[in-house]
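J.: The structure is given below, and queries will be raised subsequently.
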There are 2 protein chains.
Amino acid sequence: MSFNLFHSATIIGVGLIGSSLARALRNKGLVNKLYGVSRSEENCKKLLDLNIVDEAYNSPIIPVQKSDLIVVCTPVGSVEKVIQEILPFVQNKAIISDVGSVKGKISKIIVPDSVSFVPAHPVAGTEKSGPENGFAELFENRWCILTPTELTNRGAVEKVSTLWTQIGMKVEIMTPERHDVVMALMSHLPHLIAYTIVGTASDLEKQEQYDVLKYAAGGFRDFTRIAGSDPIMWRDIFLNNQNAVLDCLQRFTEDLTSLQRAIRHRDSEALVDWFKRTRVIRKELEEIGQAQPENEKMLLKGKKI
Amino acid sequence: MSFNLFHSATIIGVGLIGSSLARALRNKGLVNKLYGVSRSEENCKKLLDLNIVDEAYNSPIIPVQKSDLIVVCTPVGSVEKVIQEILPFVQNKAIISDVGSVKGKISKIIVPDSVSFVPAHPVAGTEKSGPENGFAELFENRWCILTPTELTNRGAVEKVSTLWTQIGMKVEIMTPERHDVVMALMSHLPHLIAYTIVGTASDLEKQEQYDVLKYAAGGFRDFTRIAGSDPIMWRDIFLNNQNAVLDCLQRFTEDLTSLQRAIRHRDSEALVDWFKRTRVIRKELEEIGQAQPENEKMLLKGKKI
């Protein structure tokens with residue numbers, strides 16, 4: 001059974017997340033009319049060719065005037081600017097939301113009483129970018145974290161929560177500060193490390209003038225996937241979650257240094273203890289159904305990746 | 001067309017790699033008789049139940065006497081001990097090989113002129129352990145690196161090379177020293193880093209007393225898979241490739257520190273330049289067909305993982 005949770009929705013920024021959201025909203029019939037906005041004419045054309053929106057625009061001004069839901073899906077660094085740009089044009093009682101990976105600053109955005117802003121982060125993604133790489137199932141069984149403040153309209157939080165639940169996510173509410181620490185550790189730091197080591201390996205290859213990268217083994221291969229993520233999106237994340245990332249990085253460096261010392265001093269026991277502990281954590285993730293990468297989920301559904 | 005490259009083979013150590021090799025040898029009909037050795041009675045039983053060897057033994061002494069190929073598939077730290085143990089019993093002209101992930105020390109093992117030892121490293125694997133998790137296709141389209149010395153019998157190198165080629169691998173010969181640097185960077189350091197960060201996250205969760213790990217996002221999720229690898233195998237790898245791992249770790253730390261500095265000083269350009277460079281490397285790996293994880297390869301073949 002489908003019902004229109006919103007009359008009309010505008011998605012601003014139709015990359016991997018925006019276009020996946022568009023597909024999911026359509027599949028579930030959650031909106032009556034769906035508008036997509038991209039500054040790039042090429043992406044607007046793709047949206048229509050892929051038939052995932054009703055109308056495509058290269059500016060948000062027109063579609064936001066006829067939408068009761070607006071989801072800003074641009075890189076974190078530009079969310080506030082986009083919201084300020086559209087505010088003079090949005091309908092009375094419209095709900096504005098976003099999908100940004102850092103919530104501290106974004107959650108402090110002030111909107112007039114006539115509209116609501118619900119900061120959200122659907123924790124899902126792949127290393128691919130662009131509307132052609134989105135898919136409706138991306139969000140299934142993943143977490144969506146909402147970070148409303150005490151000023152946020154409760155009814156709007158409810159509706160945004162229902163929206164993400166309807167397209168398969170588990171919704172949690174937490175403070176923006178906690179969100180940013182959790183994501184620094186669960187997503188931002190792993191990306192930073194993957195970016196680092198892939199660069200390190202490439203430099204060594206150039207310096208030593210023999211093949212290294214072609215022998216990419218399990219481990220490095222996975223890191224290259226992560227290090228293939230969108231550069232602008234990730235620059236914005238690191239600069240906007242600076243403090244939490246630097247704190248987590250400090251913790252990580254301390255731990256890495258202690259394992260480095262264990263290798264240098266041949267401390268077998270310290271190594272085995274640490275490795276056994278992390279193996280248990282992997283098992284726990286498997287048990288709660290959070291271990292499988294997106295690509296495998298897709299393959300299991302018989303999708304092409 | 002199948003042919004018996006060897007008359008009889010003994011595989012000592014039937015974990016993920018050993019049992020996958022057994023399956024592959026059988027599938028391709030490369031040996032006439034296949035013997036599996038495990039100290040564990042439980043694994044011996046599994047080998048027979050899985051029907052991947054002709055006979056299973058809890059000691060190598062009997063089967064090596066009737067084998068012209070012996071492949072030691074135990075953790076790196078015990079390869080030399082196993083070879084010394086079997087040497088008094090092996091046939092004249094038998095070929096001994098191994099699958100160890102570190103080749104420096106192993107390649108220096110001296111054997112009598114009556115037999116040959118060909119150090120080998122099929123670069124393939126998953127985070128799973130045990131004979132039940134092996135599969136014949138594990139090796140397909142991956143590299144097998146041989147590290148013979150000037151003393152190694154050329155004919156034996158040829159035969160071992162043919163063996164791995166027949167089961168789908170691309171074979172390369174390089175010095176043990178170069179192998180160990182390449183693997184330190186492509187496999188050992190990524191594993192160390194993944195082990196580290198999963199422990200870091202678990203410590204933070206305990207200390208802050210709120211859920212962190214359950215929000216495992218892409219990035220961290222992949223790291224937990226790697227950090228779920230066999231503790232003893234990995235302890236052995238780090239202790240046996242100590243120098244190359246510590247050297248690569250030093251390079252990595254320098255690079256990570258410079259990215260940390262870029263985040264602290266909000267150096268957008270430095271971040272984007274680095275991230276763009278690593279994205280290109282990912283594309284290159286995809287182009288040479290080395291980007292896909294084992295699990296995806298399996299799913300594409302319609303296998304259960």
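Simple scheme: letters A, B, ... for chains in structure tokens order, numbers from 1 for residues in each chain, numbers from 1 for ligands in the order shown.
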Can you pull out every residue from stretch 9-246 of chain B that DSSP, working from the backbone, puts in strand (DSSP E or B), and format the result as a PyMOL selection string?
T.: chain B and resi 9-12+31-37+55-57+69-72+95-98+116-118+120-122+143-146+170-173
J.: Please produce a file of the residues just selected, as an mmCIF file, in the first residue's frame, where the atoms kept are C-alpha atoms.
T.:
data_model
loop_
_atom_site.group_PDB
_atom_site.id
_atom_site.type_symbol
_atom_site.label_atom_id
_atom_site.label_comp_id
_atom_site.auth_asym_id
_atom_site.auth_seq_id
_atom_site.Cartn_x
_atom_site.Cartn_y
_atom_site.Cartn_z
ATOM 1 C CA ALA B 9 50.692 -34.465 -3.169
ATOM 2 C CA THR B 10 50.627 -33.792 0.553
ATOM 3 C CA ILE B 11 49.193 -30.535 1.865
ATOM 4 C CA ILE B 12 50.342 -29.794 5.392
ATOM 5 C CA VAL B 31 47.450 -34.893 -8.906
ATOM 6 C CA ASN B 32 46.671 -38.551 -8.766
ATOM 7 C CA LYS B 33 46.500 -38.892 -4.992
ATOM 8 C CA LEU B 34 45.999 -36.117 -2.476
ATOM 9 C CA TYR B 35 46.834 -36.261 1.232
ATOM 10 C CA GLY B 36 45.882 -33.670 3.844
ATOM 11 C CA VAL B 37 47.649 -33.175 7.152
ATOM 12 C CA GLU B 55 43.466 -39.511 2.971
ATOM 13 C CA ALA B 56 43.822 -37.341 6.062
ATOM 14 C CA TYR B 57 46.647 -37.591 8.614
ATOM 15 C CA LEU B 69 54.831 -32.682 -4.062
ATOM 16 C CA ILE B 70 54.545 -31.343 -0.533
ATOM 17 C CA VAL B 71 53.006 -27.939 0.105
ATOM 18 C CA VAL B 72 53.378 -26.498 3.590
ATOM 19 C CA ILE B 95 59.399 -30.865 -4.528
ATOM 20 C CA ILE B 96 58.573 -28.972 -1.345
ATOM 21 C CA SER B 97 56.792 -25.645 -1.555
ATOM 22 C CA ASP B 98 54.920 -23.333 0.796
ATOM 23 C CA SER B 116 63.891 -29.073 -4.111
ATOM 24 C CA PHE B 117 62.326 -26.272 -2.157
ATOM 25 C CA VAL B 118 60.399 -23.611 -4.088
ATOM 26 C CA ALA B 120 55.837 -19.471 -3.083
ATOM 27 C CA HIS B 121 53.123 -17.052 -2.060
ATOM 28 C CA PRO B 122 49.724 -17.288 -3.727
ATOM 29 C CA TRP B 143 49.118 -13.320 -8.424
ATOM 30 C CA CYS B 144 51.335 -16.112 -7.183
ATOM 31 C CA ILE B 145 54.822 -14.855 -6.362
ATOM 32 C CA LEU B 146 57.736 -17.313 -6.383
ATOM 33 C CA LYS B 170 49.347 -15.337 -12.736
ATOM 34 C CA VAL B 171 52.875 -16.261 -11.670
ATOM 35 C CA GLU B 172 55.707 -13.792 -11.047
ATOM 36 C CA ILE B 173 59.236 -14.378 -9.839
#
J.: Hey, what's within 10 Å of B:Phe238 if we count only C-alpha atoms and toss same-chain stuff fewer than 3 positions away? As number ranges by chain, please?
T.: A: 260, 262-264, 266, 268, 271; B: 76-77, 101-102, 184, 188-189, 191-192, 233-235, 241-246
J.: Convert the current residue selection to file output with N, CA, C and O atoms, as an mmCIF file, in the first residue's frame.
T.:
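Ended up saving to result.cif:
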data_model
loop_
_atom_site.group_PDB
_atom_site.id
_atom_site.type_symbol
_atom_site.label_atom_id
_atom_site.label_comp_id
_atom_site.auth_asym_id
_atom_site.auth_seq_id
_atom_site.Cartn_x
_atom_site.Cartn_y
_atom_site.Cartn_z
ATOM 1 N N GLN A 260 52.949 -0.872 16.931
ATOM 2 C CA GLN A 260 54.265 -0.743 16.287
ATOM 3 C C GLN A 260 55.363 -1.168 17.266
ATOM 4 O O GLN A 260 56.274 -1.928 16.928
ATOM 5 N N ALA A 262 54.953 -3.146 19.800
ATOM 6 C CA ALA A 262 54.838 -4.588 20.038
ATOM 7 C C ALA A 262 55.538 -5.367 18.921
ATOM 8 O O ALA A 262 56.176 -6.402 19.168
ATOM 9 N N ILE A 263 55.432 -4.879 17.683
ATOM 10 C CA ILE A 263 56.134 -5.554 16.577
ATOM 11 C C ILE A 263 57.646 -5.406 16.752
ATOM 12 O O ILE A 263 58.397 -6.372 16.656
ATOM 13 N N ARG A 264 58.078 -4.184 17.064
ATOM 14 C CA ARG A 264 59.525 -3.955 17.213
ATOM 15 C C ARG A 264 60.103 -4.805 18.341
ATOM 16 O O ARG A 264 61.184 -5.385 18.206
ATOM 17 N N ARG A 266 58.858 -7.564 19.472
ATOM 18 C CA ARG A 266 58.427 -8.953 19.296
ATOM 19 C C ARG A 266 57.531 -9.409 20.456
ATOM 20 O O ARG A 266 57.692 -10.521 20.981
ATOM 21 N N SER A 268 54.637 -10.951 21.127
ATOM 22 C CA SER A 268 53.601 -11.814 20.536
ATOM 23 C C SER A 268 52.277 -11.693 21.241
ATOM 24 O O SER A 268 51.220 -11.614 20.619
ATOM 25 N N LEU A 271 50.198 -8.624 20.552
ATOM 26 C CA LEU A 271 49.605 -8.670 19.211
ATOM 27 C C LEU A 271 48.402 -9.603 19.174
ATOM 28 O O LEU A 271 47.321 -9.231 18.700
ATOM 29 N N VAL B 76 53.194 -18.736 8.771
ATOM 30 C CA VAL B 76 54.583 -18.444 8.402
ATOM 31 C C VAL B 76 55.603 -18.859 9.466
ATOM 32 O O VAL B 76 56.661 -19.398 9.144
ATOM 33 N N GLY B 77 55.265 -18.633 10.727
ATOM 34 C CA GLY B 77 56.205 -18.891 11.813
ATOM 35 C C GLY B 77 56.589 -20.345 11.957
ATOM 36 O O GLY B 77 57.619 -20.670 12.561
ATOM 37 N N SER B 101 53.178 -15.886 3.627
ATOM 38 C CA SER B 101 53.005 -14.486 3.220
ATOM 39 C C SER B 101 54.264 -13.652 3.413
ATOM 40 O O SER B 101 54.287 -12.483 3.061
ATOM 41 N N VAL B 102 55.290 -14.212 4.043
ATOM 42 C CA VAL B 102 56.575 -13.521 4.187
ATOM 43 C C VAL B 102 57.644 -14.450 3.637
ATOM 44 O O VAL B 102 57.644 -15.646 3.936
ATOM 45 N N ALA B 184 54.358 -5.984 2.535
ATOM 46 C CA ALA B 184 54.233 -5.123 3.724
ATOM 47 C C ALA B 184 53.237 -4.009 3.425
ATOM 48 O O ALA B 184 52.381 -3.682 4.244
ATOM 49 N N HIS B 188 50.214 -6.334 4.629
ATOM 50 C CA HIS B 188 50.485 -6.374 6.072
ATOM 51 C C HIS B 188 50.117 -5.062 6.763
ATOM 52 O O HIS B 188 49.447 -5.077 7.802
ATOM 53 N N LEU B 189 50.526 -3.942 6.183
ATOM 54 C CA LEU B 189 50.187 -2.655 6.790
ATOM 55 C C LEU B 189 48.660 -2.404 6.808
ATOM 56 O O LEU B 189 48.123 -2.003 7.845
ATOM 57 N N HIS B 191 46.378 -4.568 7.069
ATOM 58 C CA HIS B 191 45.834 -5.398 8.153
ATOM 59 C C HIS B 191 46.143 -4.777 9.515
ATOM 60 O O HIS B 191 45.285 -4.727 10.395
ATOM 61 N N LEU B 192 47.370 -4.300 9.691
ATOM 62 C CA LEU B 192 47.739 -3.695 10.976
ATOM 63 C C LEU B 192 46.850 -2.494 11.286
ATOM 64 O O LEU B 192 46.369 -2.312 12.413
ATOM 65 N N MET B 233 48.018 -16.404 12.523
ATOM 66 C CA MET B 233 48.604 -16.182 11.207
ATOM 67 C C MET B 233 49.192 -14.776 11.121
ATOM 68 O O MET B 233 50.307 -14.568 10.647
ATOM 69 N N TRP B 234 48.454 -13.808 11.625
ATOM 70 C CA TRP B 234 48.896 -12.418 11.484
ATOM 71 C C TRP B 234 49.995 -12.040 12.459
ATOM 72 O O TRP B 234 50.884 -11.257 12.131
ATOM 73 N N ARG B 235 49.958 -12.581 13.650
ATOM 74 C CA ARG B 235 51.091 -12.380 14.555
ATOM 75 C C ARG B 235 52.378 -12.841 13.854
ATOM 76 O O ARG B 235 53.375 -12.131 13.799
ATOM 77 N N ASN B 241 57.984 -10.319 9.217
ATOM 78 C CA ASN B 241 58.272 -9.257 8.245
ATOM 79 C C ASN B 241 58.466 -7.925 8.972
ATOM 80 O O ASN B 241 58.118 -6.856 8.462
ATOM 81 N N GLN B 242 59.037 -8.049 10.147
ATOM 82 C CA GLN B 242 59.216 -6.904 11.052
ATOM 83 C C GLN B 242 59.810 -5.677 10.349
ATOM 84 O O GLN B 242 59.227 -4.589 10.394
ATOM 85 N N ASN B 243 60.930 -5.831 9.690
ATOM 86 C CA ASN B 243 61.630 -4.660 9.138
ATOM 87 C C ASN B 243 60.836 -3.950 8.060
ATOM 88 O O ASN B 243 60.676 -2.734 8.092
ATOM 89 N N ALA B 244 60.329 -4.736 7.104
ATOM 90 C CA ALA B 244 59.583 -4.097 6.010
ATOM 91 C C ALA B 244 58.304 -3.456 6.543
ATOM 92 O O ALA B 244 57.917 -2.364 6.119
ATOM 93 N N VAL B 245 57.638 -4.115 7.503
ATOM 94 C CA VAL B 245 56.406 -3.538 8.060
ATOM 95 C C VAL B 245 56.723 -2.242 8.799
ATOM 96 O O VAL B 245 56.033 -1.223 8.617
ATOM 97 N N LEU B 246 57.776 -2.237 9.598
ATOM 98 C CA LEU B 246 58.115 -1.015 10.347
ATOM 99 C C LEU B 246 58.522 0.115 9.400
ATOM 100 O O LEU B 246 58.158 1.273 9.617
#
J.: For each of A:Phe6, A:Trp164, A:Phe89, A:Phe139, take the minimum atom-to-atom distance to chain B, counting only C-alpha atoms, then give the residue where this is smallest.
T.: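 Smallest separation from chain B among the options: A:Phe139.
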J.: Kindly indicate which residue among A:Met183, A:Ala22, A:Ile288, A:Ala194 lies nearest to B:Leu259, using only C-alpha atoms for the distances.
T.: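 Using only C-alpha atoms, the shortest distance to B:Leu259 belongs to A:Ala194.
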J.: DSSP says helix (DSSP H, G or I) for which residues of stretch 20-109 of chain A? Put them as a PyMOL selection string?
T.: chain A and resi 20-27+41-49+61-65+76-89+106-108
J.: Which residue is closest to A:Asn4? Choose from A:Lys93, A:Lys159, A:Arg154, A:Lys103 and count only C-alpha atoms.
T.: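 Of the candidates, the smallest distance to A:Asn4 is held by A:Lys159.
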J.: Need to verify the contact set: A:Ile17, 7 Å, only C-alpha atoms, exclusion of same-chain residues closer than 2 positions in sequence. Can you return it as an MDAnalysis selection string?
T.: chainID A and resid 14:15 19:21 73 125 134
J.: Which residues come within 10 Å of B:Ile61, counting only C-alpha atoms, excluding same-chain residues fewer than 6 positions away, as a CSV table (one decimal) with N, CA, C and O atoms, in the first residue's frame?
T.:
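Below is the file selection_37.csv, written as the result:
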chain,number,residue,atom,x,y,z
B,37,VAL,N,47.1,-33.0,5.8
B,37,VAL,CA,47.6,-33.2,7.2
B,37,VAL,C,47.2,-32.0,8.0
B,37,VAL,O,47.3,-30.9,7.7
B,85,GLU,N,61.2,-31.0,10.0
B,85,GLU,CA,60.5,-32.2,10.5
B,85,GLU,C,60.4,-33.3,9.4
B,85,GLU,O,60.5,-34.5,9.7
B,86,ILE,N,60.0,-32.8,8.2
B,86,ILE,CA,59.7,-33.8,7.2
B,86,ILE,C,60.9,-34.2,6.4
B,86,ILE,O,60.9,-35.3,5.7
B,87,LEU,N,61.9,-33.4,6.3
B,87,LEU,CA,63.1,-33.7,5.4
B,87,LEU,C,63.6,-35.1,5.5
B,87,LEU,O,63.9,-35.7,4.4
B,88,PRO,N,63.8,-35.7,6.7
B,88,PRO,CA,64.3,-37.0,6.7
B,88,PRO,C,63.4,-38.1,6.0
B,88,PRO,O,63.9,-39.2,5.8
B,89,PHE,N,62.2,-37.7,5.8
B,89,PHE,CA,61.3,-38.7,5.2
B,89,PHE,C,60.8,-38.5,3.8
B,89,PHE,O,60.2,-39.4,3.2
B,90,VAL,N,61.2,-37.4,3.2
B,90,VAL,CA,60.7,-37.1,1.8
B,90,VAL,C,61.4,-38.0,0.8
B,90,VAL,O,62.6,-38.3,0.9
J.: B:Gln209, B:Asn141, B:Asn51, B:Thr196: which is nearest chain A, counting only C-alpha atoms?
T.: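 The shortest atom-to-atom distance to chain A comes from B:Thr196.
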